[in-house]
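Below is the file upload-v3.csv, which contains CSV, C-alpha atoms.
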```
chain,number,residue,atom,x,y,z
O,699,MET,CA,54.8,115.4,95.7
O,700,MET,CA,57.6,117.9,96.5
O,701,LYS,CA,58.5,115.9,99.6
O,702,ALA,CA,58.8,112.7,97.6
O,703,VAL,CA,61.1,114.5,95.0
O,704,ALA,CA,63.2,115.9,97.8
O,705,ARG,CA,63.5,112.5,99.4
O,706,ARG,CA,64.7,111.0,96.2
O,707,LEU,CA,67.2,113.8,95.6
O,708,VAL,CA,68.7,113.3,99.1
O,709,ILE,CA,69.2,109.6,98.2
O,710,LEU,CA,70.4,110.4,94.7
O,711,ILE,CA,73.1,112.9,95.6
O,712,PRO,CA,75.4,110.4,97.4
O,713,TYR,CA,75.1,108.0,94.5
O,714,LEU,CA,76.0,110.7,92.0
O,715,TRP,CA,79.0,111.6,94.1
O,716,LEU,CA,80.2,108.0,94.2
O,717,LEU,CA,79.6,107.7,90.4
O,718,VAL,CA,81.6,110.8,89.5
O,719,PHE,CA,84.4,110.5,92.0
O,720,PHE,CA,84.8,106.8,92.5
O,721,LEU,CA,83.2,104.6,89.8
O,722,LEU,CA,84.2,106.7,86.8
O,723,PRO,CA,87.9,107.1,87.9
O,724,PHE,CA,88.0,103.4,88.7
O,725,LEU,CA,86.7,102.5,85.2
O,726,ILE,CA,89.3,104.7,83.7
O,727,VAL,CA,92.1,103.0,85.7
O,728,PHE,CA,90.6,99.6,84.9
O,729,ARG,CA,90.6,100.3,81.2
O,730,ILE,CA,94.3,101.4,81.3
O,731,SER,CA,95.1,98.1,83.2
O,732,LEU,CA,93.8,96.2,80.1
O,733,SER,CA,96.0,98.2,77.7
O,734,GLU,CA,99.5,97.6,76.5
O,735,PRO,CA,102.5,99.9,77.4
O,736,ALA,CA,103.8,102.1,74.6
O,737,ILE,CA,106.4,104.8,74.1
O,738,ALA,CA,103.9,107.6,73.6
O,739,MET,CA,101.9,110.1,75.5
O,740,PRO,CA,99.9,108.7,77.2
O,741,PRO,CA,102.2,105.7,77.5
O,742,TYR,CA,99.7,102.9,76.7
O,743,LEU,CA,97.6,101.6,73.8
O,744,PRO,CA,94.9,101.7,72.7
O,745,VAL,CA,93.8,105.3,73.4
O,746,PHE,CA,90.1,105.9,72.9
O,747,ASP,CA,89.0,109.0,71.0
O,748,LEU,CA,85.3,109.7,70.6
O,749,GLU,CA,85.9,111.7,67.5
O,750,GLU,CA,86.9,108.5,65.7
O,751,GLY,CA,83.4,107.2,65.9
O,752,TRP,CA,81.8,104.2,67.7
O,753,ARG,CA,83.1,101.6,65.2
O,754,ALA,CA,86.7,102.6,65.9
O,755,ILE,CA,86.1,102.5,69.6
O,756,PHE,CA,84.6,98.9,69.4
O,757,ASP,CA,87.6,97.9,67.3
O,758,LYS,CA,90.0,99.2,70.0
O,759,LEU,CA,87.9,97.4,72.7
O,760,SER,CA,89.0,94.1,71.0
O,761,GLN,CA,92.6,95.1,71.6
O,762,LEU,CA,92.2,95.1,75.4
O,763,THR,CA,93.9,92.2,77.2
O,764,TRP,CA,94.1,90.6,80.7
O,765,GLY,CA,97.9,90.1,80.2
O,766,ASN,CA,98.8,92.7,82.9
O,767,PHE,CA,96.8,90.8,85.6
O,768,GLU,CA,98.4,87.5,84.5
O,769,PHE,CA,101.8,89.2,84.8
O,770,LEU,CA,101.0,90.3,88.4
O,771,LEU,CA,100.0,86.8,89.5
O,772,GLU,CA,103.1,85.3,87.9
O,773,ASP,CA,105.7,87.8,89.2
O,774,SER,CA,106.8,87.1,92.8
O,775,LEU,CA,107.7,90.8,93.3
O,776,TYR,CA,104.1,91.9,93.2
O,777,ILE,CA,102.8,88.9,95.2
O,778,ASN,CA,105.4,89.6,97.9
O,779,ALA,CA,104.6,93.3,97.8
O,780,TYR,CA,100.9,92.5,98.4
O,781,LEU,CA,101.7,90.0,101.2
O,782,SER,CA,104.2,92.4,102.9
O,783,SER,CA,101.7,95.3,102.7
O,784,LEU,CA,99.0,93.0,104.2
O,785,ARG,CA,101.2,91.9,107.0
O,786,ILE,CA,102.4,95.4,107.9
O,787,ALA,CA,98.9,96.9,107.7
O,788,LEU,CA,97.4,94.1,109.9
O,789,LEU,CA,100.1,94.5,112.5
O,790,ALA,CA,100.0,98.3,112.4
O,791,THR,CA,96.2,98.2,112.8
O,792,PHE,CA,96.6,95.9,115.8
O,793,LEU,CA,99.2,98.2,117.4
O,794,THR,CA,97.0,101.2,116.8
O,795,LEU,CA,94.1,99.4,118.5
O,796,LEU,CA,96.3,98.6,121.5
O,797,VAL,CA,97.2,102.2,121.9
O,798,GLY,CA,93.8,103.7,120.8
O,799,PHE,CA,91.4,101.7,122.9
O,800,PRO,CA,92.8,102.7,126.3
O,801,LEU,CA,93.0,106.3,125.1
O,802,ALA,CA,89.4,106.3,123.9
O,803,TYR,CA,88.3,104.6,127.2
O,804,GLY,CA,90.1,107.1,129.3
O,805,MET,CA,88.5,109.9,127.3
O,806,ALA,CA,85.1,108.4,127.8
O,807,ARG,CA,85.6,108.0,131.5
O,808,ALA,CA,87.0,111.5,132.0
O,809,PRO,CA,84.9,114.3,133.6
O,810,GLN,CA,82.3,115.8,131.2
O,811,GLY,CA,84.0,119.2,131.1
O,812,LEU,CA,87.4,117.7,130.2
O,813,ARG,CA,86.2,115.6,127.3
O,814,PRO,CA,86.1,118.4,124.7
O,815,VAL,CA,89.7,119.3,125.5
O,816,LEU,CA,90.9,115.7,125.2
O,817,LEU,CA,89.0,115.4,121.9
O,818,MET,CA,90.6,118.5,120.6
O,819,LEU,CA,94.1,117.1,121.6
O,820,VAL,CA,93.4,114.0,119.6
O,821,ILE,CA,92.3,116.0,116.5
O,822,LEU,CA,95.1,118.6,116.9
O,823,PRO,CA,97.7,116.8,114.7
O,824,PHE,CA,95.4,117.1,111.7
O,825,TRP,CA,96.0,120.8,111.9
O,826,THR,CA,99.5,120.2,110.6
O,827,SER,CA,100.4,118.8,107.2
O,828,PHE,CA,100.7,115.0,107.1
O,829,LEU,CA,104.0,115.2,105.2
O,830,ILE,CA,105.5,117.6,107.8
O,831,ARG,CA,104.6,115.3,110.6
O,832,VAL,CA,106.2,112.3,108.9
O,833,TYR,CA,109.3,114.4,108.3
O,834,ALA,CA,109.4,115.3,112.0
O,835,TRP,CA,109.7,111.6,112.8
O,836,ILE,CA,112.8,111.4,110.7
O,837,GLY,CA,114.4,114.0,113.1
O,838,ILE,CA,113.2,112.0,116.1
O,839,LEU,CA,114.2,108.5,114.9
O,840,LYS,CA,117.5,109.1,113.1
O,841,PRO,CA,120.7,108.0,114.9
O,842,GLU,CA,121.6,111.5,116.1
O,843,GLY,CA,117.9,112.3,116.6
O,844,LEU,CA,116.0,113.4,119.7
O,845,LEU,CA,115.0,109.8,120.8
O,846,ASN,CA,118.6,108.5,120.7
O,847,GLN,CA,119.9,111.6,122.4
O,848,PHE,CA,117.3,111.3,125.2
O,849,LEU,CA,118.1,107.6,125.8
O,850,LEU,CA,121.8,108.2,125.7
O,851,ALA,CA,121.4,111.1,128.3
O,852,LEU,CA,119.4,108.7,130.6
O,853,GLY,CA,122.1,106.1,130.2
O,854,LEU,CA,119.6,103.5,129.0
O,855,ILE,CA,121.7,102.8,125.9
O,856,ASP,CA,125.4,103.1,125.1
O,857,ARG,CA,125.1,103.6,121.3
O,858,PRO,CA,122.4,105.0,119.1
O,859,LEU,CA,119.6,102.7,118.1
O,860,ALA,CA,119.0,101.9,114.4
O,861,ILE,CA,115.3,102.7,114.2
O,862,LEU,CA,115.1,104.8,111.0
O,863,ASN,CA,114.8,102.9,107.7
O,864,THR,CA,113.4,99.8,109.5
O,865,GLU,CA,109.9,98.3,109.8
O,866,THR,CA,109.8,99.6,113.4
O,867,ALA,CA,109.9,103.1,112.1
O,868,ILE,CA,107.0,102.3,109.7
O,869,PHE,CA,104.9,101.0,112.5
O,870,ILE,CA,105.6,104.1,114.6
O,871,GLY,CA,104.7,106.3,111.7
O,872,ILE,CA,101.4,104.5,110.9
O,873,VAL,CA,100.3,104.3,114.5
O,874,TYR,CA,101.0,108.0,115.1
O,875,SER,CA,99.5,109.1,111.9
O,876,TYR,CA,96.3,107.1,112.0
O,877,LEU,CA,95.7,106.9,115.7
O,878,PRO,CA,92.8,109.5,115.6
O,879,PHE,CA,91.0,107.3,113.1
O,880,MET,CA,91.0,104.5,115.7
O,881,VAL,CA,90.3,106.7,118.8
O,882,LEU,CA,87.3,108.7,117.5
O,883,PRO,CA,85.0,105.8,116.5
O,884,ILE,CA,85.7,103.9,119.7
O,885,TYR,CA,85.2,107.0,121.8
O,886,ALA,CA,81.9,107.7,120.0
O,887,ASN,CA,80.6,104.3,121.2
O,888,LEU,CA,82.1,104.4,124.7
O,889,GLU,CA,80.9,107.9,125.3
O,890,LYS,CA,77.3,106.7,125.0
O,891,LEU,CA,77.9,103.7,127.3
O,892,ASP,CA,75.5,103.3,130.2
O,893,TYR,CA,77.9,102.4,133.1
O,894,SER,CA,75.0,101.2,135.2
O,895,LEU,CA,75.3,98.0,133.1
O,896,ILE,CA,78.8,97.4,134.4
O,897,GLU,CA,77.5,97.9,138.0
O,898,ALA,CA,74.7,95.4,137.3
O,899,ALA,CA,77.2,92.9,135.9
O,900,LEU,CA,79.4,93.3,139.0
O,901,ASP,CA,76.4,92.8,141.2
O,902,LEU,CA,75.5,89.6,139.4
O,903,GLY,CA,78.9,88.1,140.1
O,904,CYS,CA,81.1,89.2,137.3
O,905,THR,CA,84.7,90.0,138.0
O,906,ALA,CA,86.0,93.5,136.9
O,907,PHE,CA,87.6,92.0,133.8
O,908,GLY,CA,84.6,89.9,133.1
O,909,ALA,CA,82.3,92.9,133.2
O,910,PHE,CA,84.6,94.9,131.0
O,911,TRP,CA,84.8,92.1,128.4
O,912,LYS,CA,81.1,91.2,128.4
O,913,VAL,CA,79.7,94.8,128.6
O,914,THR,CA,82.2,97.5,127.6
O,915,ALA,CA,84.1,95.5,124.9
O,916,GLN,CA,80.9,94.2,123.3
O,917,LEU,CA,79.2,97.6,123.2
O,918,ALA,CA,82.4,99.2,121.8
O,919,LEU,CA,82.8,96.5,119.1
O,920,PRO,CA,81.2,98.6,116.3
O,921,GLY,CA,83.6,101.4,117.0
O,922,VAL,CA,86.5,99.0,117.1
O,923,LEU,CA,85.6,97.5,113.8
O,924,ALA,CA,85.1,100.9,112.2
O,925,GLY,CA,88.4,102.1,113.6
O,926,CYS,CA,90.2,99.0,112.3
O,927,LEU,CA,88.8,99.5,108.8
O,928,LEU,CA,89.7,103.3,108.9
O,929,VAL,CA,93.3,102.4,109.8
O,930,PHE,CA,93.8,99.2,107.8
O,931,ILE,CA,92.6,100.5,104.4
O,932,PRO,CA,95.0,103.5,104.1
O,933,ALA,CA,97.8,101.6,105.8
O,934,MET,CA,97.5,98.9,103.1
O,935,GLY,CA,98.3,101.3,100.3
O,936,GLU,CA,100.5,103.7,102.3
O,937,PHE,CA,103.4,105.2,100.3
O,938,VAL,CA,104.7,108.3,102.2
O,939,ILE,CA,105.5,106.6,105.5
O,940,PRO,CA,107.3,103.5,104.1
O,941,ASP,CA,109.2,105.7,101.6
O,942,LEU,CA,110.4,108.2,104.2
O,943,LEU,CA,110.7,106.1,107.4
O,944,GLY,CA,111.2,102.6,106.0
O,945,GLY,CA,113.9,103.3,103.5
O,946,THR,CA,114.6,101.7,100.1
O,947,ARG,CA,114.5,98.1,101.3
O,948,THR,CA,110.9,98.2,102.4
O,949,LEU,CA,108.6,96.3,100.0
O,950,MET,CA,105.0,97.6,100.1
O,951,ILE,CA,102.5,97.8,97.3
O,952,GLY,CA,102.2,101.6,97.5
O,953,LYS,CA,105.9,102.0,96.7
O,954,THR,CA,105.6,99.5,94.0
O,955,LEU,CA,102.7,101.4,92.5
O,956,TRP,CA,104.7,104.6,92.5
O,957,THR,CA,107.7,103.0,90.9
O,958,GLU,CA,105.6,101.6,88.1
O,959,PHE,CA,103.8,104.9,87.4
O,960,PHE,CA,106.7,107.4,87.7
O,961,ASN,CA,110.0,105.5,87.3
O,962,ASN,CA,109.2,102.7,84.9
O,963,ARG,CA,106.3,104.6,83.2
O,964,ASP,CA,104.4,101.3,82.8
O,965,TRP,CA,100.9,102.7,83.3
O,966,PRO,CA,99.1,99.5,82.4
O,967,VAL,CA,100.9,97.4,85.0
O,968,ALA,CA,100.5,100.2,87.6
O,969,ALA,CA,96.8,100.4,86.8
O,970,ALA,CA,96.5,96.7,87.2
O,971,VAL,CA,98.3,96.9,90.6
O,972,ALA,CA,95.9,99.6,91.7
O,973,THR,CA,92.8,97.8,90.5
O,974,LEU,CA,93.8,94.6,92.2
O,975,LEU,CA,94.6,96.5,95.4
O,976,LEU,CA,91.2,98.1,95.3
O,977,LEU,CA,89.4,94.8,94.9
O,978,VAL,CA,91.4,93.3,97.7
O,979,LEU,CA,90.2,96.1,100.0
O,980,VAL,CA,86.7,96.7,98.8
O,981,VAL,CA,85.4,93.1,98.3
O,982,PRO,CA,86.0,92.0,102.0
O,983,ILE,CA,84.5,95.2,103.2
O,984,VAL,CA,81.3,94.8,101.2
O,985,LEU,CA,81.0,91.2,102.3
O,986,PHE,CA,81.5,92.3,105.9
O,987,GLN,CA,78.8,95.0,105.6
O,988,ASN,CA,76.4,92.5,104.1
O,989,ALA,CA,77.0,90.1,107.0
O,990,GLN,CA,76.5,92.9,109.5
O,991,ALA,CA,73.2,93.9,107.8
O,992,ARG,CA,72.0,90.3,107.9
O,993,ALA,CA,72.9,90.0,111.5
O,994,GLN,CA,71.0,93.2,112.4
O,995,ARG,CA,67.9,92.0,110.5
O,996,ALA,CA,68.1,88.7,112.3
O,997,ALA,CA,68.4,90.4,115.7
O,998,GLN,CA,65.3,92.4,115.0
```

Serialized structure, structure tokens:
Amino acid sequence: MMKAVARRLVILIPYLWLLVFFLLPFLIVFRISLSEPAIAMPPYLPVFDLEEGWRAIFDKLSQLTWGNFEFLLEDSLYINAYLSSLRIALLATFLTLLVGFPLAYGMARAPQGLRPVLLMLVILPFWTSFLIRVYAWIGILKPEGLLNQFLLALGLIDRPLAILNTETAIFIGIVYSYLPFMVLPIYANLEKLDYSLIEAALDLGCTAFGAFWKVTAQLALPGVLAGCLLVFIPAMGEFVIPDLLGGTRTLMIGKTLWTEFFNNRDWPVAAAVATLLLLVLVVPIVLFQNAQARAQRAAQ
């Protein structure tokens, strides 16, 4: 009896955690997205107060509207912000994969005693504040920064490169900041790889690239997918990197969300932006996980 209760508690605790720290905040934001802006505190109406009684609450529920979502779909600014964020996040994820896969593969093929050191070096940037690391890139990428001084000293360029306040700087910042999220899942899969399978593929007539593609890449695919999701999701809503490295001309949904909340003080529209962004990210992930689960059941 106690074992059954303990088993249910183990399952129940993660659901309670998701309920308190994900579902309830999401419902609050979703409710604000259905409200109307107002010059008040908080800056939206209606405001629900349990002391007014349930009848008053039901009356205020009738005042909620989908107008903010209709406004987002009609205004090209928000549509372009979503599309720009999607494009930058996809390209940044691809670049992170190009850098992260060889790094993870090299770590997995390194001598056993050297792997913990390499793993620590990958995790080491997390010991420093994320904001400080992004600010450090400003000192590196600005016209009189370390990168331009180094290239000028080598004679590779005759004038400083304009990298800061461009999309190139955003890609550099995202790849650097989220590289460990790509490397660690791929390394976890490659570290368990049985390299006798590659030798068997070579003995059966595969070329080196064919053995890599059919064995190594296929077995590393779960780690690649996990890494891509871990990079793409935060990159899609990133605010700090575009704001500090991309400049004022960069259009991303994270910056748009900040502007609506803190500059325009239009909380309902900002909440609608956040709700739509969450749906854009969560729904494909849920569908992908369901497809993966069905594929695993079919394989069994």

Kindly provide the residues of segment 761-879 of chain O that approach segment 947-960 of chain O to within 9 Å, each paired with its closest atom pair and their distance in Å to one decimal, based on only C-alpha atoms, listed by chain and increasing number, as a Markdown table.
```
| residue | atom | partner | partner_atom | distance |
| --- | --- | --- | --- | --- |
| O:Leu775 | CA | O:Leu949 | CA | 8.7 |
| O:Tyr776 | CA | O:Ile951 | CA | 7.4 |
| O:Asn778 | CA | O:Leu949 | CA | 7.7 |
| O:Ala779 | CA | O:Met950 | CA | 4.9 |
| O:Tyr780 | CA | O:Ile951 | CA | 5.6 |
| O:Leu781 | CA | O:Met950 | CA | 8.4 |
| O:Ser782 | CA | O:Met950 | CA | 6.0 |
| O:Ser783 | CA | O:Met950 | CA | 4.8 |
| O:Leu784 | CA | O:Met950 | CA | 8.6 |
| O:Ile786 | CA | O:Met950 | CA | 8.5 |
| O:Asn863 | CA | O:Arg947 | CA | 8.0 |
| O:Thr864 | CA | O:Thr948 | CA | 7.7 |
| O:Glu865 | CA | O:Thr948 | CA | 7.5 |
```

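As for atom CA of Thr794 of chain O and atom CA of Met880 of chain O, they are spaced 6.9 Å apart.
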
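When all atoms listed in the file are used to compute distances to Phe720 of chain O, the closest of the residues O:Leu976, O:Leu845, O:Met934, O:Ala989 turns out to be O:Leu976.
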
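Compared by their closest atoms to Val797 of chain O, and using all atoms listed in the file, the residues O:Leu717, O:Ile830, O:Val745, O:Pro878 rank with O:Pro878 nearest.
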
Using only C-alpha atoms, determine which residues lie at most 10 Å from Phe869 of chain O, disregarding the query and same-chain residues fewer than 5 positions distant; provide the list as a count of residues only. 15

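Distances from O:Leu732, O:Leu801, O:Leu942, O:Asn887 to Trp835 of chain O were compared using only C-alpha atoms, and the smallest one belongs to O:Leu942.
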
What lies within 9 Å of segment 758-764 of chain O using all atoms listed in the file, ignoring chain neighbours under 5 positions off, as a compact mmCIF listing (two decimals) with C-alpha atoms, keeping the file's coordinate frame?
```txt
# COMPACT_ATOMS: atom_id res chain seq x y z
CA ARG O 729 90.60 100.30 81.20
CA ILE O 730 94.30 101.40 81.30
CA SER O 731 95.10 98.10 83.20
CA LEU O 732 93.80 96.20 80.10
CA SER O 733 96.00 98.20 77.70
CA GLU O 734 99.50 97.60 76.50
CA LEU O 743 97.60 101.60 73.80
CA PRO O 744 94.90 101.70 72.70
CA VAL O 745 93.80 105.30 73.40
CA PHE O 746 90.10 105.90 72.90
CA ARG O 753 83.10 101.60 65.20
CA PHE O 769 101.80 89.20 84.80
```
